[in-house]
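Shown next: model.txt, given as compact mmCIF, N, CA and C atoms.
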# COMPACT_ATOMS: atom_id res chain seq x y z
N MET U 1 -16.59 -2.05 -1.15
CA MET U 1 -15.19 -1.88 -1.49
C MET U 1 -14.91 -2.55 -2.83
N LYS U 2 -15.24 -1.85 -3.87
CA LYS U 2 -15.09 -2.38 -5.22
C LYS U 2 -13.63 -2.50 -5.63
N TYR U 3 -12.82 -1.54 -5.26
CA TYR U 3 -11.41 -1.52 -5.67
C TYR U 3 -10.54 -1.86 -4.47
N LYS U 4 -10.01 -3.08 -4.48
CA LYS U 4 -9.18 -3.52 -3.37
C LYS U 4 -8.13 -4.50 -3.89
N ALA U 5 -7.13 -4.76 -3.05
CA ALA U 5 -6.08 -5.70 -3.42
C ALA U 5 -5.38 -6.20 -2.16
N LYS U 6 -4.70 -7.32 -2.32
CA LYS U 6 -3.87 -7.88 -1.25
C LYS U 6 -2.46 -8.08 -1.78
N TYR U 7 -1.52 -8.07 -0.87
CA TYR U 7 -0.10 -8.23 -1.21
C TYR U 7 0.57 -8.81 0.02
N SER U 8 1.52 -9.71 -0.16
CA SER U 8 2.22 -10.31 0.98
C SER U 8 3.73 -10.22 0.81
N GLN U 9 4.40 -10.16 1.95
CA GLN U 9 5.86 -10.05 1.95
C GLN U 9 6.40 -10.85 3.13
N LEU U 10 7.38 -11.69 2.88
CA LEU U 10 8.06 -12.43 3.95
C LEU U 10 9.17 -11.55 4.53
N VAL U 11 9.21 -11.45 5.84
CA VAL U 11 10.25 -10.65 6.51
C VAL U 11 11.52 -11.51 6.63
N MET U 12 12.57 -11.06 6.00
CA MET U 12 13.85 -11.75 6.00
C MET U 12 14.78 -11.10 7.04
N PRO U 13 15.85 -11.81 7.45
CA PRO U 13 16.78 -11.24 8.43
C PRO U 13 17.34 -9.87 8.02
N ASP U 14 17.59 -9.66 6.74
CA ASP U 14 18.12 -8.37 6.28
C ASP U 14 17.10 -7.23 6.40
N ASP U 15 15.84 -7.55 6.66
CA ASP U 15 14.79 -6.54 6.82
C ASP U 15 14.70 -6.02 8.25
N ALA U 16 15.46 -6.62 9.15
CA ALA U 16 15.37 -6.27 10.58
C ALA U 16 16.29 -5.11 10.95
N ASN U 17 15.88 -4.39 11.97
CA ASN U 17 16.69 -3.30 12.51
C ASN U 17 17.62 -3.84 13.61
N ASN U 18 18.27 -2.95 14.35
CA ASN U 18 19.25 -3.37 15.35
C ASN U 18 18.63 -3.99 16.59
N VAL U 19 17.31 -3.95 16.75
CA VAL U 19 16.66 -4.62 17.89
C VAL U 19 15.91 -5.88 17.45
N GLY U 20 16.11 -6.28 16.19
CA GLY U 20 15.56 -7.54 15.72
C GLY U 20 14.14 -7.53 15.23
N THR U 21 13.58 -6.34 15.00
CA THR U 21 12.23 -6.25 14.46
C THR U 21 12.28 -5.62 13.06
N LEU U 22 11.20 -5.74 12.34
CA LEU U 22 11.14 -5.19 10.99
C LEU U 22 11.43 -3.69 11.01
N PHE U 23 12.35 -3.26 10.17
CA PHE U 23 12.68 -1.85 10.02
C PHE U 23 11.44 -1.12 9.48
N GLY U 24 11.06 -0.03 10.13
CA GLY U 24 9.85 0.70 9.76
C GLY U 24 9.84 1.19 8.33
N GLY U 25 11.00 1.55 7.80
CA GLY U 25 11.08 2.01 6.42
C GLY U 25 10.70 0.93 5.42
N HIS U 26 11.04 -0.33 5.75
CA HIS U 26 10.63 -1.43 4.88
C HIS U 26 9.11 -1.57 4.90
N MET U 27 8.53 -1.47 6.09
CA MET U 27 7.07 -1.59 6.20
C MET U 27 6.39 -0.52 5.35
N ILE U 28 6.86 0.72 5.44
CA ILE U 28 6.24 1.81 4.68
C ILE U 28 6.42 1.57 3.18
N SER U 29 7.59 1.13 2.77
CA SER U 29 7.83 0.84 1.35
C SER U 29 6.87 -0.25 0.85
N TRP U 30 6.70 -1.30 1.64
CA TRP U 30 5.80 -2.39 1.24
C TRP U 30 4.35 -1.91 1.21
N MET U 31 3.98 -1.03 2.13
CA MET U 31 2.62 -0.48 2.13
C MET U 31 2.39 0.35 0.86
N ASP U 32 3.43 1.06 0.43
CA ASP U 32 3.33 1.84 -0.81
C ASP U 32 3.13 0.91 -2.01
N LEU U 33 3.82 -0.22 -2.03
CA LEU U 33 3.63 -1.21 -3.09
C LEU U 33 2.20 -1.76 -3.08
N ALA U 34 1.69 -2.03 -1.89
CA ALA U 34 0.31 -2.53 -1.78
C ALA U 34 -0.68 -1.49 -2.31
N ALA U 35 -0.43 -0.21 -1.99
CA ALA U 35 -1.29 0.87 -2.50
C ALA U 35 -1.18 0.96 -4.02
N ALA U 36 0.00 0.73 -4.56
CA ALA U 36 0.18 0.76 -6.02
C ALA U 36 -0.63 -0.34 -6.68
N LYS U 37 -0.74 -1.48 -6.04
CA LYS U 37 -1.55 -2.57 -6.60
C LYS U 37 -3.03 -2.20 -6.60
N VAL U 38 -3.49 -1.57 -5.53
CA VAL U 38 -4.87 -1.10 -5.48
C VAL U 38 -5.09 -0.05 -6.58
N ALA U 39 -4.14 0.89 -6.72
CA ALA U 39 -4.23 1.94 -7.73
C ALA U 39 -4.30 1.35 -9.13
N TYR U 40 -3.51 0.33 -9.39
CA TYR U 40 -3.51 -0.33 -10.70
C TYR U 40 -4.92 -0.83 -11.03
N ARG U 41 -5.56 -1.48 -10.06
CA ARG U 41 -6.91 -2.00 -10.29
C ARG U 41 -7.92 -0.87 -10.44
N PHE U 42 -7.76 0.18 -9.66
CA PHE U 42 -8.67 1.32 -9.71
C PHE U 42 -8.59 2.03 -11.06
N LEU U 43 -7.40 2.16 -11.61
CA LEU U 43 -7.20 2.93 -12.84
C LEU U 43 -7.33 2.11 -14.12
N LYS U 44 -7.44 0.81 -14.00
CA LYS U 44 -7.53 -0.06 -15.18
C LYS U 44 -8.69 0.41 -16.07
N GLY U 45 -8.38 0.67 -17.34
CA GLY U 45 -9.41 1.07 -18.30
C GLY U 45 -9.77 2.54 -18.29
N THR U 46 -9.03 3.36 -17.55
CA THR U 46 -9.37 4.79 -17.45
C THR U 46 -8.59 5.66 -18.42
N GLY U 47 -7.54 5.16 -19.01
CA GLY U 47 -6.68 5.99 -19.86
C GLY U 47 -5.50 6.57 -19.11
N ALA U 48 -5.50 6.44 -17.79
CA ALA U 48 -4.34 6.90 -17.01
C ALA U 48 -3.19 5.92 -17.23
N SER U 49 -1.98 6.43 -17.24
CA SER U 49 -0.80 5.58 -17.40
C SER U 49 -0.40 4.90 -16.11
N GLY U 50 -0.85 5.45 -15.00
CA GLY U 50 -0.51 4.91 -13.69
C GLY U 50 -0.82 5.92 -12.61
N ALA U 51 -0.22 5.70 -11.45
CA ALA U 51 -0.44 6.60 -10.32
C ALA U 51 0.88 6.80 -9.58
N LEU U 52 1.01 7.96 -8.99
CA LEU U 52 2.17 8.31 -8.17
C LEU U 52 1.71 8.54 -6.74
N THR U 53 2.58 8.23 -5.80
CA THR U 53 2.28 8.49 -4.40
C THR U 53 2.45 9.98 -4.13
N ARG U 54 1.41 10.60 -3.61
CA ARG U 54 1.47 12.02 -3.26
C ARG U 54 1.78 12.20 -1.79
N ALA U 55 1.17 11.35 -0.94
CA ALA U 55 1.38 11.48 0.50
C ALA U 55 1.14 10.14 1.18
N ILE U 56 1.88 9.93 2.26
CA ILE U 56 1.64 8.79 3.14
C ILE U 56 1.34 9.37 4.51
N ASP U 57 0.10 9.22 4.94
CA ASP U 57 -0.37 9.87 6.17
C ASP U 57 -0.83 8.84 7.20
N GLN U 58 -0.89 9.31 8.41
CA GLN U 58 -1.44 8.56 9.53
C GLN U 58 -0.87 7.15 9.63
N VAL U 59 0.45 7.03 9.44
CA VAL U 59 1.10 5.75 9.63
C VAL U 59 1.13 5.46 11.12
N GLU U 60 0.65 4.29 11.49
CA GLU U 60 0.68 3.90 12.89
C GLU U 60 1.22 2.49 13.01
N PHE U 61 2.38 2.37 13.65
CA PHE U 61 2.97 1.06 13.92
C PHE U 61 2.32 0.53 15.19
N LYS U 62 1.60 -0.57 15.09
CA LYS U 62 0.83 -1.07 16.22
C LYS U 62 1.49 -2.25 16.93
N GLU U 63 2.15 -3.11 16.17
CA GLU U 63 2.77 -4.31 16.73
C GLU U 63 4.12 -4.54 16.05
N ALA U 64 5.07 -5.07 16.78
CA ALA U 64 6.36 -5.43 16.20
C ALA U 64 6.19 -6.62 15.26
N VAL U 65 7.03 -6.66 14.23
CA VAL U 65 7.04 -7.76 13.27
C VAL U 65 8.46 -8.31 13.25
N TYR U 66 8.59 -9.63 13.16
CA TYR U 66 9.89 -10.28 13.30
C TYR U 66 10.28 -11.06 12.05
N PRO U 67 11.59 -11.22 11.82
CA PRO U 67 12.03 -12.05 10.70
C PRO U 67 11.38 -13.44 10.76
N GLY U 68 11.02 -13.95 9.60
CA GLY U 68 10.35 -15.24 9.51
C GLY U 68 8.84 -15.13 9.48
N GLU U 69 8.32 -13.96 9.81
CA GLU U 69 6.87 -13.75 9.76
C GLU U 69 6.48 -13.19 8.40
N TRP U 70 5.24 -13.41 8.03
CA TRP U 70 4.67 -12.82 6.82
C TRP U 70 3.95 -11.55 7.20
N VAL U 71 4.01 -10.56 6.32
CA VAL U 71 3.18 -9.37 6.45
C VAL U 71 2.20 -9.41 5.28
N ASN U 72 0.92 -9.43 5.60
CA ASN U 72 -0.14 -9.48 4.60
C ASN U 72 -0.84 -8.13 4.58
N PHE U 73 -0.80 -7.49 3.43
CA PHE U 73 -1.36 -6.15 3.27
C PHE U 73 -2.73 -6.25 2.61
N GLU U 74 -3.66 -5.50 3.15
CA GLU U 74 -5.00 -5.41 2.58
C GLU U 74 -5.29 -3.94 2.34
N GLY U 75 -5.64 -3.60 1.10
CA GLY U 75 -5.88 -2.20 0.76
C GLY U 75 -7.17 -2.01 0.00
N HIS U 76 -7.74 -0.83 0.18
CA HIS U 76 -8.94 -0.47 -0.58
C HIS U 76 -9.01 1.05 -0.74
N ILE U 77 -9.72 1.47 -1.78
CA ILE U 77 -9.93 2.89 -2.02
C ILE U 77 -10.98 3.40 -1.03
N SER U 78 -10.67 4.49 -0.34
CA SER U 78 -11.62 5.06 0.62
C SER U 78 -12.32 6.30 0.08
N THR U 79 -11.60 7.12 -0.67
CA THR U 79 -12.19 8.32 -1.28
C THR U 79 -11.55 8.55 -2.64
N ALA U 80 -12.30 9.21 -3.50
CA ALA U 80 -11.78 9.52 -4.83
C ALA U 80 -12.17 10.94 -5.21
N GLY U 81 -11.17 11.71 -5.65
CA GLY U 81 -11.41 13.05 -6.17
C GLY U 81 -11.34 13.02 -7.68
N THR U 82 -10.98 14.12 -8.29
CA THR U 82 -10.90 14.20 -9.75
C THR U 82 -9.66 13.51 -10.29
N THR U 83 -8.50 13.80 -9.70
CA THR U 83 -7.25 13.18 -10.14
C THR U 83 -6.62 12.31 -9.05
N SER U 84 -7.01 12.51 -7.82
CA SER U 84 -6.39 11.78 -6.72
C SER U 84 -7.40 10.85 -6.05
N PHE U 85 -6.85 9.95 -5.23
CA PHE U 85 -7.68 9.03 -4.46
C PHE U 85 -6.87 8.54 -3.27
N GLN U 86 -7.57 8.13 -2.24
CA GLN U 86 -6.89 7.65 -1.04
C GLN U 86 -7.06 6.14 -0.91
N VAL U 87 -5.97 5.51 -0.48
CA VAL U 87 -5.96 4.07 -0.28
C VAL U 87 -5.68 3.81 1.20
N ILE U 88 -6.54 3.04 1.82
CA ILE U 88 -6.32 2.60 3.20
C ILE U 88 -5.57 1.28 3.13
N ILE U 89 -4.45 1.20 3.84
CA ILE U 89 -3.68 -0.04 3.89
C ILE U 89 -3.59 -0.51 5.34
N ASP U 90 -3.95 -1.77 5.54
CA ASP U 90 -3.77 -2.44 6.83
C ASP U 90 -2.77 -3.56 6.62
N ALA U 91 -1.75 -3.61 7.48
CA ALA U 91 -0.71 -4.64 7.39
C ALA U 91 -0.86 -5.59 8.57
N TYR U 92 -1.05 -6.85 8.27
CA TYR U 92 -1.23 -7.87 9.30
C TYR U 92 -0.01 -8.78 9.34
N ALA U 93 0.56 -8.95 10.52
CA ALA U 93 1.69 -9.86 10.70
C ALA U 93 1.14 -11.24 11.03
N GLU U 94 1.85 -12.25 10.54
CA GLU U 94 1.42 -13.63 10.76
C GLU U 94 2.65 -14.52 10.89
N GLY U 95 2.75 -15.18 12.02
CA GLY U 95 3.85 -16.11 12.25
C GLY U 95 3.32 -17.51 12.47
N SER U 96 4.21 -18.47 12.42
CA SER U 96 3.78 -19.86 12.57
C SER U 96 3.34 -20.17 14.00
N GLN U 97 3.77 -19.35 14.95
CA GLN U 97 3.45 -19.61 16.35
C GLN U 97 2.47 -18.62 16.96
N ASN U 98 1.94 -17.71 16.16
CA ASN U 98 1.00 -16.73 16.72
C ASN U 98 -0.11 -16.41 15.73
N LYS U 99 -1.15 -15.76 16.24
CA LYS U 99 -2.30 -15.40 15.43
C LYS U 99 -2.01 -14.17 14.57
N LYS U 100 -2.79 -14.02 13.53
CA LYS U 100 -2.73 -12.82 12.69
C LYS U 100 -3.02 -11.61 13.57
N ARG U 101 -2.20 -10.55 13.40
CA ARG U 101 -2.39 -9.35 14.21
C ARG U 101 -2.15 -8.11 13.37
N LEU U 102 -2.89 -7.06 13.64
CA LEU U 102 -2.73 -5.80 12.92
C LEU U 102 -1.42 -5.16 13.38
N ALA U 103 -0.47 -5.02 12.43
CA ALA U 103 0.85 -4.50 12.76
C ALA U 103 1.02 -3.03 12.41
N CYS U 104 0.35 -2.56 11.34
CA CYS U 104 0.54 -1.18 10.90
C CYS U 104 -0.64 -0.77 10.03
N THR U 105 -0.96 0.51 10.05
CA THR U 105 -1.99 1.08 9.19
C THR U 105 -1.47 2.37 8.58
N ALA U 106 -2.04 2.74 7.44
CA ALA U 106 -1.67 4.01 6.79
C ALA U 106 -2.75 4.41 5.80
N ILE U 107 -2.77 5.70 5.51
CA ILE U 107 -3.60 6.25 4.44
C ILE U 107 -2.64 6.81 3.40
N ILE U 108 -2.76 6.32 2.18
CA ILE U 108 -1.84 6.72 1.11
C ILE U 108 -2.63 7.43 0.02
N THR U 109 -2.23 8.66 -0.28
CA THR U 109 -2.88 9.44 -1.34
C THR U 109 -2.11 9.24 -2.63
N MET U 110 -2.82 8.83 -3.66
CA MET U 110 -2.24 8.59 -4.98
C MET U 110 -2.83 9.59 -5.97
N VAL U 111 -2.07 9.90 -7.02
CA VAL U 111 -2.52 10.80 -8.07
C VAL U 111 -2.40 10.08 -9.41
N ALA U 112 -3.48 10.09 -10.19
CA ALA U 112 -3.46 9.49 -11.52
C ALA U 112 -2.63 10.36 -12.46
N VAL U 113 -1.80 9.72 -13.27
CA VAL U 113 -0.97 10.45 -14.24
C VAL U 113 -1.09 9.80 -15.61
N LYS U 114 -0.80 10.62 -16.61
CA LYS U 114 -0.82 10.15 -17.99
C LYS U 114 0.48 10.58 -18.65
N LYS U 115 1.04 9.69 -19.47
CA LYS U 115 2.27 10.00 -20.18
C LYS U 115 1.94 10.85 -21.39
N GLU U 116 2.63 11.97 -21.48
CA GLU U 116 2.44 12.89 -22.60
C GLU U 116 3.30 12.47 -23.79
N ASP U 117 3.04 13.06 -24.94
CA ASP U 117 3.79 12.72 -26.15
C ASP U 117 5.29 13.01 -26.01
N ASP U 118 5.65 13.98 -25.18
CA ASP U 118 7.06 14.31 -25.01
C ASP U 118 7.76 13.45 -23.95
N GLY U 119 7.03 12.46 -23.40
CA GLY U 119 7.61 11.55 -22.43
C GLY U 119 7.44 11.95 -20.98
N THR U 120 6.92 13.15 -20.73
CA THR U 120 6.69 13.58 -19.35
C THR U 120 5.33 13.07 -18.88
N TYR U 121 5.10 13.18 -17.59
CA TYR U 121 3.83 12.75 -17.02
C TYR U 121 3.12 13.96 -16.41
N SER U 122 1.81 13.94 -16.49
CA SER U 122 1.02 15.01 -15.87
C SER U 122 -0.22 14.40 -15.22
N LYS U 123 -0.74 15.10 -14.21
CA LYS U 123 -1.97 14.67 -13.57
C LYS U 123 -3.07 14.54 -14.60
N CYS U 124 -3.96 13.59 -14.39
CA CYS U 124 -5.09 13.45 -15.30
C CYS U 124 -6.32 12.99 -14.52
N PRO U 125 -7.49 13.40 -14.96
CA PRO U 125 -8.72 12.92 -14.33
C PRO U 125 -8.86 11.42 -14.55
N HIS U 126 -9.24 10.69 -13.50
CA HIS U 126 -9.40 9.25 -13.66
C HIS U 126 -10.84 8.87 -14.00
N GLY U 127 -11.78 9.73 -13.69
CA GLY U 127 -13.18 9.46 -14.05
C GLY U 127 -13.88 8.41 -13.22
N ARG U 128 -13.28 7.97 -12.14
CA ARG U 128 -13.88 6.93 -11.31
C ARG U 128 -14.66 7.54 -10.12
N THR U 129 -15.69 6.86 -9.72
CA THR U 129 -16.41 7.20 -8.51
C THR U 129 -16.52 5.92 -7.68
N LEU U 130 -16.83 6.10 -6.42
CA LEU U 130 -16.97 4.93 -5.53
C LEU U 130 -18.40 4.54 -5.37

In structure tokens, write the structure found in this file.
Amino acid sequence: MKYKAKYSQLVMPDDANNVGTLFGGHMISWMDLAAAKVAYRFLKGTGASGALTRAIDQVEFKEAVYPGEWVNFEGHISTAGTTSFQVIIDAYAEGSQNKKRLACTAIITMVAVKKEDDGTYSKCPHGRTL
């Protein structure tokens, strides 16, 4: 796993839903940020301007997460095509009174893009292999 990254987020009271657990939309948004960090490392030095999220697949919420807990994201590139690549993200919840536990998983497909002279972005080959 050459291209990987970690990211952490503290769950605040405003992140909770009406039953007192982390709102799923926040979890997905944070997973997308973690994938963006992996993408940044994967594309460094390739000439790509960045990456865009193409798809978020196979999201599975496994355990509830509560305000005051940390969510620690671990991501790595699993496959790479010509312009796109997939990032596996595992989100682990961690509280002061309990053990680290797998809270959510997802596969996020990213596409490498390059900024054109006219300011628009287009897909571009990243040239990376695993």

- Task: May I ask for the distance between atom C of Gly45 of chain U and atom C of Ile88 of chain U, given in Å to one decimal place?
- Result: 21.9 Å

- Distance of atom C of Leu22 of chain U from atom CA of Tyr3 of chain U, expressed in Å to one decimal place: 28.4 Å

- Message: Report, in Å with one decimal, the straight-line distance from atom C of Glu63 of chain U to atom CA of Ile107 of chain U.
- Response: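 Atom-to-atom, atom C of Glu63 of chain U and atom CA of Ile107 of chain U are spaced 17.6 Å apart.
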
- Which of segment 25-116 of chain U DSSP labels strand (DSSP E), written as a PyMOL selection string: chain U and resi 50-61+70-80+84-94+101-115

- Which is closest to Asp32 of chain U among U:Thr79, U:Gln97, U:Thr53, U:Ser8, if we use only N, CA and C atoms?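 Among the listed residues, the smallest separation from Asp32 of chain U belongs to U:Thr53.
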
- Message: List the spatial neighbours of Gly68 of chain U as a PyMOL selection string - criterion: any atom at most 7 Å away, only C-alpha atoms, same-chain residues fewer than 2 positions off excluded.
- Response: chain U and resi 10-12+66+70

- Item | Exercise: residues within 7 Å of coordinate (6.3, -5.7, 11.3), counting only N, CA and C atoms, as a list in words |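 Residues with an atom at most 7 Å from (6.3, -5.7, 11.3): Thr21, Leu22, Phe23, Met27, Glu63, Ala64, Val65, Tyr66, Val71, Ala93, Ala103 and Cys104 of chain U.
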
- Minimum-distance residue to Lys6 of chain U, chosen among U:Arg54, U:Lys37, U:Lys100, U:Arg128 (using only C-alpha atoms): U:Lys37

- Of the candidates U:Phe73, U:Ile108, U:Asp14, U:Arg101, which shows the shortest atom-to-atom distance to Val59 of chain U, using only N, CA and C atoms? U:Ile108

- Which residue of U:Ala34, U:Ala5, U:Ala80, U:Ala112 approaches Ala51 of chain U most closely, using all atoms listed in the file: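 Of the candidates, the smallest distance to Ala51 of chain U is held by U:Ala112.
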
- Item | Spatial sel., origin (-12.5, -1.5, -3.6), limit 7 Å, only C-alpha atoms, listed as a ChimeraX atom specification | /U:1-4,76-77

- Query: Near Ile89 of chain U, within 6 Å and counting only C-alpha atoms, which residues show up once chain neighbours fewer than 3 positions away are dropped, as a VMD selection string?
  - Reply: chain U and resid 74 to 75 105 to 106

Restricted to N, CA and C atoms, what would the selected residues look like written as a compact mmCIF listing (two decimals), keeping the file's coordinate frame?
# COMPACT_ATOMS: atom_id res chain seq x y z
N GLU U 74 -3.66 -5.50 3.15
CA GLU U 74 -5.00 -5.41 2.58
C GLU U 74 -5.29 -3.94 2.34
N GLY U 75 -5.64 -3.60 1.10
CA GLY U 75 -5.88 -2.20 0.76
C GLY U 75 -7.17 -2.01 0.00
N THR U 105 -0.96 0.51 10.05
CA THR U 105 -1.99 1.08 9.19
C THR U 105 -1.47 2.37 8.58
N ALA U 106 -2.04 2.74 7.44
CA ALA U 106 -1.67 4.01 6.79
C ALA U 106 -2.75 4.41 5.80

- Item | Closest of U:Asp15, U:Leu130, U:Tyr121, U:Val111 to Gly50 of chain U - atom-to-atom distances counting all atoms listed in the file | U:Val111
